[in-house]
file data-v4.cif (mmCIF, N, CA and C atoms)
data_my_file
#
loop_
_atom_site.label_atom_id
_atom_site.label_comp_id
_atom_site.auth_asym_id
_atom_site.auth_seq_id
_atom_site.Cartn_x
_atom_site.Cartn_y
_atom_site.Cartn_z
N GLN A 1 -17.66 6.11 -4.42
CA GLN A 1 -16.41 5.56 -4.96
C GLN A 1 -15.20 6.31 -4.45
N VAL A 2 -14.06 5.62 -4.47
CA VAL A 2 -12.78 6.24 -4.11
C VAL A 2 -11.83 6.05 -5.29
N GLN A 3 -11.18 7.11 -5.65
CA GLN A 3 -10.15 7.02 -6.69
C GLN A 3 -8.78 7.11 -6.03
N VAL A 4 -7.87 6.26 -6.47
CA VAL A 4 -6.51 6.29 -5.93
C VAL A 4 -5.52 6.33 -7.08
N THR A 5 -4.48 7.13 -6.91
CA THR A 5 -3.47 7.29 -7.95
C THR A 5 -2.10 7.25 -7.30
N GLU A 6 -1.25 6.33 -7.80
CA GLU A 6 0.10 6.19 -7.26
C GLU A 6 1.08 7.04 -8.05
N SER A 7 2.17 7.40 -7.37
CA SER A 7 3.29 8.07 -8.02
C SER A 7 4.55 7.82 -7.22
N GLY A 8 5.68 8.10 -7.84
CA GLY A 8 6.94 8.01 -7.11
C GLY A 8 7.82 6.82 -7.44
N GLY A 9 7.36 5.94 -8.31
CA GLY A 9 8.19 4.80 -8.66
C GLY A 9 9.40 5.22 -9.49
N GLY A 10 10.29 4.27 -9.72
CA GLY A 10 11.47 4.57 -10.52
C GLY A 10 12.52 3.49 -10.38
N LEU A 11 13.70 3.82 -10.85
CA LEU A 11 14.84 2.91 -10.81
C LEU A 11 15.79 3.36 -9.70
N VAL A 12 16.20 2.41 -8.88
CA VAL A 12 17.09 2.73 -7.77
C VAL A 12 18.07 1.58 -7.57
N GLN A 13 19.23 1.88 -7.08
CA GLN A 13 20.20 0.82 -6.81
C GLN A 13 19.89 0.13 -5.48
N ALA A 14 20.33 -1.09 -5.37
CA ALA A 14 20.14 -1.83 -4.13
C ALA A 14 20.74 -1.05 -2.96
N GLY A 15 20.00 -1.03 -1.87
CA GLY A 15 20.42 -0.26 -0.71
C GLY A 15 19.84 1.14 -0.67
N GLY A 16 19.27 1.57 -1.79
CA GLY A 16 18.72 2.91 -1.88
C GLY A 16 17.31 3.00 -1.32
N SER A 17 16.71 4.19 -1.49
CA SER A 17 15.38 4.48 -0.95
C SER A 17 14.49 5.11 -2.01
N LEU A 18 13.20 4.90 -1.85
CA LEU A 18 12.18 5.55 -2.67
C LEU A 18 10.98 5.82 -1.78
N ARG A 19 10.23 6.85 -2.11
CA ARG A 19 8.97 7.09 -1.43
C ARG A 19 7.85 7.13 -2.45
N LEU A 20 6.90 6.24 -2.28
CA LEU A 20 5.72 6.21 -3.13
C LEU A 20 4.62 7.04 -2.47
N SER A 21 3.82 7.66 -3.31
CA SER A 21 2.68 8.43 -2.83
C SER A 21 1.41 7.89 -3.45
N CYS A 22 0.33 7.98 -2.69
CA CYS A 22 -0.99 7.57 -3.18
C CYS A 22 -1.96 8.70 -2.86
N ALA A 23 -2.52 9.28 -3.89
CA ALA A 23 -3.52 10.33 -3.73
C ALA A 23 -4.90 9.71 -3.80
N ALA A 24 -5.69 9.92 -2.76
CA ALA A 24 -7.03 9.36 -2.70
C ALA A 24 -8.06 10.47 -2.78
N SER A 25 -9.14 10.21 -3.49
CA SER A 25 -10.21 11.20 -3.61
C SER A 25 -11.54 10.49 -3.73
N GLY A 26 -12.62 11.25 -3.53
CA GLY A 26 -13.95 10.67 -3.64
C GLY A 26 -14.66 10.74 -2.31
N ARG A 27 -15.16 9.60 -1.88
CA ARG A 27 -15.87 9.53 -0.61
C ARG A 27 -14.91 9.81 0.53
N THR A 28 -15.43 9.90 1.74
CA THR A 28 -14.62 10.21 2.90
C THR A 28 -13.51 9.18 3.04
N VAL A 29 -12.32 9.61 2.71
CA VAL A 29 -11.20 8.69 2.65
C VAL A 29 -10.90 8.09 4.01
N SER A 30 -11.17 8.83 5.08
CA SER A 30 -10.87 8.33 6.42
C SER A 30 -11.74 7.13 6.80
N ASN A 31 -12.77 6.85 6.01
CA ASN A 31 -13.61 5.68 6.26
C ASN A 31 -13.06 4.43 5.58
N TYR A 32 -11.89 4.57 4.96
CA TYR A 32 -11.31 3.47 4.21
C TYR A 32 -9.94 3.08 4.76
N VAL A 33 -9.65 1.81 4.68
CA VAL A 33 -8.32 1.29 4.97
C VAL A 33 -7.50 1.42 3.70
N MET A 34 -6.27 1.86 3.84
CA MET A 34 -5.40 2.04 2.67
C MET A 34 -4.31 0.98 2.69
N GLY A 35 -4.10 0.37 1.54
CA GLY A 35 -3.09 -0.67 1.46
C GLY A 35 -2.16 -0.47 0.29
N TRP A 36 -0.95 -0.95 0.45
CA TRP A 36 0.02 -1.02 -0.64
C TRP A 36 0.25 -2.50 -0.96
N PHE A 37 0.19 -2.81 -2.22
CA PHE A 37 0.43 -4.15 -2.71
C PHE A 37 1.48 -4.08 -3.82
N ARG A 38 2.04 -5.24 -4.15
CA ARG A 38 2.98 -5.25 -5.26
C ARG A 38 2.84 -6.56 -6.03
N GLN A 39 3.23 -6.47 -7.31
CA GLN A 39 3.17 -7.66 -8.15
C GLN A 39 4.39 -7.69 -9.04
N ALA A 40 5.20 -8.73 -8.84
CA ALA A 40 6.37 -8.95 -9.67
C ALA A 40 5.97 -9.82 -10.87
N PRO A 41 6.76 -9.81 -11.94
CA PRO A 41 6.42 -10.62 -13.12
C PRO A 41 6.21 -12.08 -12.75
N GLU A 42 5.11 -12.63 -13.26
CA GLU A 42 4.76 -14.04 -13.06
C GLU A 42 4.54 -14.41 -11.61
N LYS A 43 4.26 -13.44 -10.78
CA LYS A 43 3.94 -13.71 -9.39
C LYS A 43 2.58 -13.12 -9.04
N GLU A 44 1.99 -13.61 -7.97
CA GLU A 44 0.71 -13.08 -7.55
C GLU A 44 0.91 -11.73 -6.85
N ARG A 45 -0.17 -10.95 -6.88
CA ARG A 45 -0.13 -9.68 -6.18
C ARG A 45 -0.12 -9.94 -4.67
N GLU A 46 0.81 -9.30 -3.97
CA GLU A 46 0.96 -9.56 -2.55
C GLU A 46 0.87 -8.28 -1.72
N SER A 47 0.47 -8.44 -0.49
CA SER A 47 0.36 -7.31 0.41
C SER A 47 1.74 -6.85 0.84
N VAL A 48 1.90 -5.54 0.94
CA VAL A 48 3.14 -4.95 1.43
C VAL A 48 2.90 -4.28 2.77
N ALA A 49 1.93 -3.38 2.81
CA ALA A 49 1.65 -2.63 4.04
C ALA A 49 0.21 -2.13 4.01
N VAL A 50 -0.35 -2.00 5.21
CA VAL A 50 -1.74 -1.58 5.35
C VAL A 50 -1.81 -0.53 6.46
N MET A 51 -2.70 0.43 6.28
CA MET A 51 -2.85 1.45 7.30
C MET A 51 -4.33 1.80 7.49
N ARG A 52 -4.75 1.89 8.75
CA ARG A 52 -6.08 2.37 9.09
C ARG A 52 -5.93 3.80 9.62
N TRP A 53 -6.78 4.67 9.12
CA TRP A 53 -6.72 6.06 9.57
C TRP A 53 -7.04 6.16 11.06
N SER A 54 -8.02 5.39 11.50
CA SER A 54 -8.42 5.43 12.90
C SER A 54 -7.38 4.70 13.73
N GLY A 55 -6.69 5.39 14.60
CA GLY A 55 -5.69 4.77 15.45
C GLY A 55 -4.38 4.50 14.74
N ARG A 56 -4.37 4.74 13.43
CA ARG A 56 -3.16 4.55 12.63
C ARG A 56 -2.57 3.15 12.79
N ASN A 57 -3.45 2.15 12.99
CA ASN A 57 -2.96 0.78 13.04
C ASN A 57 -2.35 0.39 11.70
N THR A 58 -1.28 -0.38 11.77
CA THR A 58 -0.60 -0.77 10.54
C THR A 58 -0.30 -2.26 10.53
N TYR A 59 -0.06 -2.76 9.32
CA TYR A 59 0.37 -4.14 9.11
C TYR A 59 1.46 -4.11 8.05
N TYR A 60 2.48 -4.94 8.24
CA TYR A 60 3.55 -5.06 7.26
C TYR A 60 3.80 -6.51 6.93
N ALA A 61 4.07 -6.77 5.69
CA ALA A 61 4.51 -8.11 5.30
C ALA A 61 5.89 -8.35 5.92
N LYS A 62 6.18 -9.61 6.24
CA LYS A 62 7.45 -9.96 6.87
C LYS A 62 8.64 -9.52 6.03
N SER A 63 8.48 -9.60 4.73
CA SER A 63 9.59 -9.31 3.83
C SER A 63 10.01 -7.85 3.82
N VAL A 64 9.14 -6.97 4.31
CA VAL A 64 9.45 -5.54 4.27
C VAL A 64 9.50 -4.91 5.65
N LYS A 65 9.13 -5.65 6.66
CA LYS A 65 9.07 -5.09 8.01
C LYS A 65 10.46 -4.61 8.43
N GLY A 66 10.50 -3.40 8.95
CA GLY A 66 11.78 -2.81 9.35
C GLY A 66 12.44 -2.00 8.25
N ARG A 67 11.98 -2.18 7.02
CA ARG A 67 12.55 -1.44 5.89
C ARG A 67 11.55 -0.44 5.29
N PHE A 68 10.28 -0.81 5.28
CA PHE A 68 9.24 0.04 4.69
C PHE A 68 8.39 0.64 5.80
N THR A 69 7.87 1.83 5.53
CA THR A 69 6.97 2.49 6.47
C THR A 69 5.80 3.09 5.72
N ILE A 70 4.59 2.76 6.16
CA ILE A 70 3.38 3.34 5.58
C ILE A 70 2.92 4.47 6.50
N SER A 71 2.51 5.57 5.90
CA SER A 71 2.03 6.70 6.68
C SER A 71 1.02 7.46 5.85
N GLY A 72 0.33 8.39 6.50
CA GLY A 72 -0.70 9.13 5.76
C GLY A 72 -0.86 10.54 6.28
N ASP A 73 -1.35 11.39 5.41
CA ASP A 73 -1.70 12.77 5.76
C ASP A 73 -3.17 12.94 5.42
N ASN A 74 -4.03 12.87 6.44
CA ASN A 74 -5.46 12.90 6.15
C ASN A 74 -5.96 14.30 5.82
N THR A 75 -5.14 15.31 6.00
CA THR A 75 -5.55 16.65 5.58
C THR A 75 -5.41 16.80 4.06
N LYS A 76 -4.56 15.95 3.49
CA LYS A 76 -4.34 16.01 2.03
C LYS A 76 -4.81 14.74 1.33
N ASN A 77 -5.32 13.78 2.11
CA ASN A 77 -5.73 12.48 1.55
C ASN A 77 -4.59 11.82 0.79
N LEU A 78 -3.43 11.84 1.40
CA LEU A 78 -2.26 11.22 0.81
C LEU A 78 -1.77 10.09 1.71
N VAL A 79 -1.36 9.00 1.08
CA VAL A 79 -0.75 7.87 1.78
C VAL A 79 0.62 7.65 1.17
N TYR A 80 1.60 7.39 2.02
CA TYR A 80 2.96 7.22 1.56
C TYR A 80 3.48 5.83 1.89
N LEU A 81 4.42 5.39 1.09
CA LEU A 81 5.17 4.18 1.41
C LEU A 81 6.64 4.54 1.28
N GLN A 82 7.29 4.71 2.42
CA GLN A 82 8.73 4.97 2.44
C GLN A 82 9.46 3.65 2.39
N MET A 83 10.29 3.47 1.39
CA MET A 83 10.98 2.20 1.19
C MET A 83 12.48 2.44 1.31
N ASN A 84 13.08 1.83 2.31
CA ASN A 84 14.51 1.96 2.56
C ASN A 84 15.19 0.61 2.39
N SER A 85 16.49 0.64 2.25
CA SER A 85 17.29 -0.59 2.10
C SER A 85 16.69 -1.50 1.04
N LEU A 86 16.39 -0.93 -0.10
CA LEU A 86 15.73 -1.68 -1.16
C LEU A 86 16.63 -2.79 -1.69
N GLU A 87 15.98 -3.88 -2.06
CA GLU A 87 16.66 -5.08 -2.56
C GLU A 87 16.11 -5.39 -3.95
N PRO A 88 16.90 -6.08 -4.78
CA PRO A 88 16.38 -6.44 -6.11
C PRO A 88 15.05 -7.20 -6.04
N GLU A 89 14.84 -7.94 -4.96
CA GLU A 89 13.59 -8.69 -4.79
C GLU A 89 12.38 -7.78 -4.59
N ASP A 90 12.61 -6.50 -4.33
CA ASP A 90 11.50 -5.56 -4.18
C ASP A 90 11.00 -5.04 -5.53
N THR A 91 11.67 -5.41 -6.59
CA THR A 91 11.26 -4.98 -7.92
C THR A 91 9.87 -5.51 -8.24
N ALA A 92 8.97 -4.60 -8.58
CA ALA A 92 7.58 -4.97 -8.85
C ALA A 92 6.80 -3.72 -9.25
N VAL A 93 5.57 -3.95 -9.69
CA VAL A 93 4.62 -2.85 -9.83
C VAL A 93 3.92 -2.71 -8.48
N TYR A 94 3.92 -1.51 -7.96
CA TYR A 94 3.31 -1.25 -6.66
C TYR A 94 1.97 -0.58 -6.85
N TYR A 95 0.97 -1.11 -6.14
CA TYR A 95 -0.39 -0.62 -6.25
C TYR A 95 -0.87 -0.09 -4.91
N CYS A 96 -1.63 0.98 -4.97
CA CYS A 96 -2.35 1.50 -3.82
C CYS A 96 -3.80 1.05 -3.93
N ALA A 97 -4.41 0.74 -2.80
CA ALA A 97 -5.79 0.26 -2.83
C ALA A 97 -6.53 0.77 -1.59
N ALA A 98 -7.86 0.80 -1.71
CA ALA A 98 -8.71 1.26 -0.61
C ALA A 98 -9.83 0.26 -0.36
N ALA A 99 -10.11 0.04 0.91
CA ALA A 99 -11.20 -0.86 1.30
C ALA A 99 -11.98 -0.22 2.43
N ARG A 100 -13.28 -0.41 2.42
CA ARG A 100 -14.13 0.15 3.46
C ARG A 100 -13.68 -0.38 4.82
N ASP A 101 -13.52 0.51 5.79
CA ASP A 101 -13.05 0.14 7.12
C ASP A 101 -14.21 -0.27 7.99
N TYR A 102 -14.22 -1.52 8.38
CA TYR A 102 -15.20 -2.02 9.32
C TYR A 102 -14.48 -2.23 10.66
N SER A 103 -14.94 -1.56 11.68
CA SER A 103 -14.22 -1.54 12.96
C SER A 103 -14.09 -2.92 13.58
N TYR A 104 -15.02 -3.83 13.23
CA TYR A 104 -14.97 -5.16 13.84
C TYR A 104 -13.95 -6.07 13.16
N SER A 105 -13.35 -5.60 12.06
CA SER A 105 -12.34 -6.40 11.36
C SER A 105 -10.95 -6.04 11.86
N THR A 106 -10.09 -7.04 11.94
CA THR A 106 -8.71 -6.79 12.37
C THR A 106 -7.92 -6.13 11.24
N THR A 107 -6.83 -5.51 11.59
CA THR A 107 -5.98 -4.91 10.57
C THR A 107 -5.40 -6.00 9.67
N TYR A 108 -5.09 -7.16 10.23
CA TYR A 108 -4.57 -8.27 9.45
C TYR A 108 -5.55 -8.69 8.35
N TYR A 109 -6.84 -8.58 8.63
CA TYR A 109 -7.87 -8.92 7.64
C TYR A 109 -7.64 -8.14 6.35
N TYR A 110 -7.17 -6.93 6.48
CA TYR A 110 -6.97 -6.07 5.32
C TYR A 110 -5.65 -6.33 4.60
N SER A 111 -4.93 -7.35 5.01
CA SER A 111 -3.74 -7.74 4.26
C SER A 111 -4.10 -8.56 3.03
N SER A 112 -5.34 -8.96 2.91
CA SER A 112 -5.80 -9.73 1.76
C SER A 112 -6.24 -8.80 0.64
N ARG A 113 -5.72 -9.06 -0.56
CA ARG A 113 -6.09 -8.21 -1.70
C ARG A 113 -7.57 -8.35 -2.05
N ASP A 114 -8.18 -9.45 -1.60
CA ASP A 114 -9.56 -9.73 -1.99
C ASP A 114 -10.57 -8.77 -1.35
N VAL A 115 -10.18 -8.08 -0.29
CA VAL A 115 -11.14 -7.21 0.39
C VAL A 115 -11.11 -5.79 -0.14
N TYR A 116 -10.22 -5.52 -1.07
CA TYR A 116 -10.08 -4.15 -1.58
C TYR A 116 -10.96 -3.93 -2.80
N GLU A 117 -11.67 -2.79 -2.78
CA GLU A 117 -12.60 -2.47 -3.86
C GLU A 117 -11.98 -1.56 -4.90
N TYR A 118 -11.08 -0.70 -4.46
CA TYR A 118 -10.59 0.35 -5.35
C TYR A 118 -9.07 0.25 -5.48
N TRP A 119 -8.62 0.29 -6.71
CA TRP A 119 -7.20 0.11 -7.02
C TRP A 119 -6.71 1.20 -7.95
N GLY A 120 -5.43 1.56 -7.76
CA GLY A 120 -4.79 2.45 -8.70
C GLY A 120 -4.22 1.68 -9.87
N GLN A 121 -3.58 2.41 -10.78
CA GLN A 121 -3.01 1.79 -11.98
C GLN A 121 -1.64 1.19 -11.73
N GLY A 122 -1.01 1.55 -10.63
CA GLY A 122 0.28 0.99 -10.30
C GLY A 122 1.44 1.88 -10.73
N THR A 123 2.55 1.72 -10.04
CA THR A 123 3.78 2.43 -10.38
C THR A 123 4.94 1.44 -10.28
N GLN A 124 5.81 1.48 -11.28
CA GLN A 124 6.90 0.51 -11.36
C GLN A 124 8.05 0.91 -10.45
N VAL A 125 8.53 -0.05 -9.69
CA VAL A 125 9.74 0.12 -8.89
C VAL A 125 10.74 -0.93 -9.35
N THR A 126 11.91 -0.48 -9.74
CA THR A 126 12.96 -1.39 -10.19
C THR A 126 14.20 -1.15 -9.35
N VAL A 127 14.70 -2.21 -8.74
CA VAL A 127 15.89 -2.12 -7.91
C VAL A 127 17.01 -2.91 -8.58
N SER A 128 18.06 -2.23 -8.93
CA SER A 128 19.18 -2.89 -9.62
C SER A 128 20.22 -3.35 -8.61
N SER A 129 20.87 -4.45 -8.96
CA SER A 129 21.88 -5.00 -8.02
C SER A 129 23.25 -4.43 -8.30
#

call {"tool": "encode", "arguments": {"input": "data-v4.cif", "output": "structure tokens"}}
result
Amino acid sequence: QVQVTESGGGLVQAGGSLRLSCAASGRTVSNYVMGWFRQAPEKERESVAVMRWSGRNTYYAKSVKGRFTISGDNTKNLVYLQMNSLEPEDTAVYYCAAARDYSYSTTYYYSSRDVYEYWGQGTQVTVSS
């Protein structure tokens, strides 16, 4: 099993920045793809960014590309989501998740929430206008 715990959420004004952190523990974390998802009230949970430890391949949702950056420190088993130029539409609960990395799968495959086995409890991000 892999345990993931998010931190770093909060209230920020539009145009501001936040950095979320995800601490992963358990099995060899480098064997897992790490993803950030978010869920706004009355909306489905959607993919934000995905990162593979091997080759550091990444995927970003169109809505955040150019504003958000996913990165990781495999010596500390930490994954980050740097969020810049935040907009009120980014308001949501943000979740970190882990999925077993199969080399034959594309990084885009891991943009689906359905392939993730392990989820954190989420951290609230609120962007005021």

call {"tool": "resolve_selection", "arguments": {"input": "data-v4.cif", "expression": "the PyMOL selection byres ((chain A and resi 26) around 6.5)", "output": "VMD selection string"}}
result
chain A and resid 1 to 3 24 to 25 27 to 29

call {"tool": "closest_residue", "arguments": {"input": "data-v4.cif", "among": "A:Gly120, A:Gly66, A:Gly10, A:Gly72", "to": "Ser54 in chain A", "atoms": "only C-alpha atoms"}}
result
A:Gly72

call {"tool": "closest_residue", "arguments": {"input": "data-v4.cif", "among": "A:Glu87, A:Thr69, A:Leu20, A:Arg113", "to": "Arg45 in chain A", "atoms": "all atoms listed in the file"}}
result
A:Arg113

call {"tool": "resolve_selection", "arguments": {"input": "data-v4.cif", "expression": "the PyMOL selection byres (((chain A and resi 17 and name CA) around 6) and name CA)", "output": "list in words"}}
result
Gly16, Leu18, Met83 and Asn84 of chain A

call {"tool": "resolve_selection", "arguments": {"input": "data-v4.cif", "expression": "the PyMOL selection byres ((chain A and resi 59) around 6.5)", "output": "PyMOL selection string"}}
result
chain A and resi 48-51+57-58+60-61+107-108

call {"tool": "closest_residue", "arguments": {"input": "data-v4.cif", "among": "A:Ala99, A:Val33, A:Val93, A:Val79", "to": "Thr123 in chain A", "atoms": "only C-alpha atoms"}}
result
A:Val93

call {"tool": "closest_residue", "arguments": {"input": "data-v4.cif", "among": "A:Tyr95, A:Ala23, A:Ser112, A:Ser30", "to": "Gln124 in chain A", "atoms": "only N, CA and C atoms"}}
result
A:Tyr95

call {"tool": "closest_residue", "arguments": {"input": "data-v4.cif", "among": "A:Thr106, A:Arg56, A:Glu117, A:Gln82", "to": "Phe68 in chain A", "atoms": "all atoms listed in the file"}}
result
A:Gln82

call {"tool": "axis_aligned_box", "arguments": {"input": "data-v4.cif", "around": "range 47-52 of chain A", "padding_each_side": "4 Å", "output": "JSON"}}
result
{"center_x": -1.5, "center_y": -2.3, "center_z": 4.6, "size_x": 17.2, "size_y": 20.2, "size_z": 18.1}

call {"tool": "atom_distance", "arguments": {"input": "data-v4.cif", "atom1": "CA of Val115 in chain A", "atom2": "CA of Arg100 in chain A"}}
result
8.5 Å

call {"tool": "residues_around", "arguments": {"input": "data-v4.cif", "residues": "Gln39 in chain A", "least_positions_apart": "5", "cutoff": "8 Å", "atoms": "all atoms listed in the file", "output": "list in words"}}
result
Glu44, Arg45, Glu46, Ser47, Asp90, Thr91, Ala92, Val93, Tyr94 and Tyr95 of chain A

call {"tool": "closest_residue", "arguments": {"input": "data-v4.cif", "among": "A:Ala40, A:Gln13, A:Tyr32, A:Thr5", "to": "Tyr102 in chain A", "atoms": "only C-alpha atoms"}}
result
A:Tyr32

call {"tool": "atom_distance", "arguments": {"input": "data-v4.cif", "atom1": "CA of Val4 in chain A", "atom2": "CA of Ser111 in chain A"}}
result
17.6 Å

call {"tool": "atom_distance", "arguments": {"input": "data-v4.cif", "atom1": "atom C of Asn77 in chain A", "atom2": "atom N of Tyr118 in chain A"}}
result
15.0 Å

call {"tool": "select_by_dssp", "arguments": {"input": "data-v4.cif", "residues": "chain A", "states": "helix (DSSP H, G or I)", "output": "list in words"}}
result
Val29, Ser30, Asn31, Pro88, Glu89, Asp90, Tyr108, Tyr109, Tyr110, Ser111, Arg113, Asp114 and Val115 of chain A

call {"tool": "select_by_dssp", "arguments": {"input": "data-v4.cif", "residues": "range 83-114 of chain A", "states": "strand (DSSP E)", "output": "PyMOL selection string"}}
result
chain A and resi 83+92-100

call {"tool": "residues_near_point", "arguments": {"input": "data-v4.cif", "point": "(-2.2, 0.6, -3.3)", "cutoff": "5 Å", "atoms": "all atoms listed in the file", "output": "list in words"}}
result
Gly35, Trp36, Phe37, Tyr95, Cys96 and Ala97 of chain A

call {"tool": "write_last_selection", "arguments": {"input": "data-v4.cif", "atoms": "N, CA and C atoms", "output": "PDB file, keeping the file's coordinate frame"}}
result
ATOM      1  N   GLY A  35      -4.100   0.370   1.540  1.00  0.00           N
ATOM      2  CA  GLY A  35      -3.090  -0.670   1.460  1.00  0.00           C
ATOM      3  C   GLY A  35      -2.160  -0.470   0.290  1.00  0.00           C
ATOM      4  N   TRP A  36      -0.950  -0.950   0.450  1.00  0.00           N
ATOM      5  CA  TRP A  36       0.020  -1.020  -0.640  1.00  0.00           C
ATOM      6  C   TRP A  36       0.250  -2.500  -0.960  1.00  0.00           C
ATOM      7  N   PHE A  37       0.190  -2.810  -2.220  1.00  0.00           N
ATOM      8  CA  PHE A  37       0.430  -4.150  -2.710  1.00  0.00           C
ATOM      9  C   PHE A  37       1.480  -4.080  -3.820  1.00  0.00           C
ATOM     10  N   TYR A  95       0.970  -1.110  -6.140  1.00  0.00           N
ATOM     11  CA  TYR A  95      -0.390  -0.620  -6.250  1.00  0.00           C
ATOM     12  C   TYR A  95      -0.870  -0.090  -4.910  1.00  0.00           C
ATOM     13  N   CYS A  96      -1.630   0.980  -4.970  1.00  0.00           N
ATOM     14  CA  CYS A  96      -2.350   1.500  -3.820  1.00  0.00           C
ATOM     15  C   CYS A  96      -3.800   1.050  -3.930  1.00  0.00           C
ATOM     16  N   ALA A  97      -4.410   0.740  -2.800  1.00  0.00           N
ATOM     17  CA  ALA A  97      -5.790   0.260  -2.830  1.00  0.00           C
ATOM     18  C   ALA A  97      -6.530   0.770  -1.590  1.00  0.00           C
TER      19      ALA A  97
END

call {"tool": "build_atoms", "arguments": {"input": "data-v4.cif", "residues": "range 32-38 of chain A", "atoms": "all heavy atoms", "output": "mmCIF file, in the coordinates of the input"}}
result
data_model
loop_
_atom_site.group_PDB
_atom_site.id
_atom_site.type_symbol
_atom_site.label_atom_id
_atom_site.label_comp_id
_atom_site.auth_asym_id
_atom_site.auth_seq_id
_atom_site.Cartn_x
_atom_site.Cartn_y
_atom_site.Cartn_z
ATOM 1 N N TYR A 32 -11.890 4.570 4.960
ATOM 2 C CA TYR A 32 -11.310 3.470 4.210
ATOM 3 C C TYR A 32 -9.940 3.080 4.760
ATOM 4 O O TYR A 32 -9.182 3.929 5.231
ATOM 5 C CB TYR A 32 -11.174 3.845 2.729
ATOM 6 C CG TYR A 32 -12.506 3.904 2.044
ATOM 7 C CD1 TYR A 32 -13.347 5.000 2.199
ATOM 8 C CD2 TYR A 32 -12.951 2.841 1.262
ATOM 9 C CE1 TYR A 32 -14.593 5.033 1.604
ATOM 10 C CE2 TYR A 32 -14.188 2.866 0.654
ATOM 11 C CZ TYR A 32 -15.008 3.974 0.835
ATOM 12 O OH TYR A 32 -16.245 4.003 0.245
ATOM 13 N N VAL A 33 -9.650 1.810 4.680
ATOM 14 C CA VAL A 33 -8.320 1.290 4.970
ATOM 15 C C VAL A 33 -7.500 1.420 3.700
ATOM 16 O O VAL A 33 -8.001 1.123 2.608
ATOM 17 C CB VAL A 33 -8.373 -0.184 5.419
ATOM 18 C CG1 VAL A 33 -6.972 -0.738 5.619
ATOM 19 C CG2 VAL A 33 -9.203 -0.325 6.680
ATOM 20 N N MET A 34 -6.270 1.860 3.840
ATOM 21 C CA MET A 34 -5.400 2.040 2.670
ATOM 22 C C MET A 34 -4.310 0.980 2.690
ATOM 23 O O MET A 34 -3.689 0.715 3.723
ATOM 24 C CB MET A 34 -4.772 3.421 2.687
ATOM 25 C CG MET A 34 -5.781 4.558 2.751
ATOM 26 S SD MET A 34 -6.937 4.553 1.368
ATOM 27 C CE MET A 34 -5.842 4.865 -0.004
ATOM 28 N N GLY A 35 -4.100 0.370 1.540
ATOM 29 C CA GLY A 35 -3.090 -0.670 1.460
ATOM 30 C C GLY A 35 -2.160 -0.470 0.290
ATOM 31 O O GLY A 35 -2.543 0.101 -0.742
ATOM 32 N N TRP A 36 -0.950 -0.950 0.450
ATOM 33 C CA TRP A 36 0.020 -1.020 -0.640
ATOM 34 C C TRP A 36 0.250 -2.500 -0.960
ATOM 35 O O TRP A 36 0.468 -3.304 -0.047
ATOM 36 C CB TRP A 36 1.346 -0.380 -0.269
ATOM 37 C CG TRP A 36 1.344 1.114 -0.289
ATOM 38 C CD1 TRP A 36 1.207 1.948 0.768
ATOM 39 C CD2 TRP A 36 1.486 1.949 -1.444
ATOM 40 N NE1 TRP A 36 1.258 3.252 0.360
ATOM 41 C CE2 TRP A 36 1.427 3.287 -1.003
ATOM 42 C CE3 TRP A 36 1.656 1.703 -2.806
ATOM 43 C CZ2 TRP A 36 1.533 4.370 -1.869
ATOM 44 C CZ3 TRP A 36 1.766 2.779 -3.670
ATOM 45 C CH2 TRP A 36 1.708 4.095 -3.208
ATOM 46 N N PHE A 37 0.190 -2.810 -2.220
ATOM 47 C CA PHE A 37 0.430 -4.150 -2.710
ATOM 48 C C PHE A 37 1.480 -4.080 -3.820
ATOM 49 O O PHE A 37 1.755 -3.011 -4.345
ATOM 50 C CB PHE A 37 -0.862 -4.758 -3.273
ATOM 51 C CG PHE A 37 -1.893 -5.035 -2.219
ATOM 52 C CD1 PHE A 37 -2.649 -4.006 -1.686
ATOM 53 C CD2 PHE A 37 -2.101 -6.319 -1.755
ATOM 54 C CE1 PHE A 37 -3.598 -4.237 -0.715
ATOM 55 C CE2 PHE A 37 -3.047 -6.582 -0.776
ATOM 56 C CZ PHE A 37 -3.788 -5.532 -0.255
ATOM 57 N N ARG A 38 2.040 -5.240 -4.150
ATOM 58 C CA ARG A 38 2.980 -5.250 -5.260
ATOM 59 C C ARG A 38 2.840 -6.560 -6.030
ATOM 60 O O ARG A 38 2.412 -7.575 -5.492
ATOM 61 C CB ARG A 38 4.418 -5.081 -4.772
ATOM 62 C CG ARG A 38 4.959 -6.234 -3.947
ATOM 63 C CD ARG A 38 6.333 -5.884 -3.391
ATOM 64 N NE ARG A 38 6.913 -6.979 -2.619
ATOM 65 C CZ ARG A 38 8.041 -6.881 -1.923
ATOM 66 N NH1 ARG A 38 8.718 -5.730 -1.908
ATOM 67 N NH2 ARG A 38 8.489 -7.917 -1.248
#
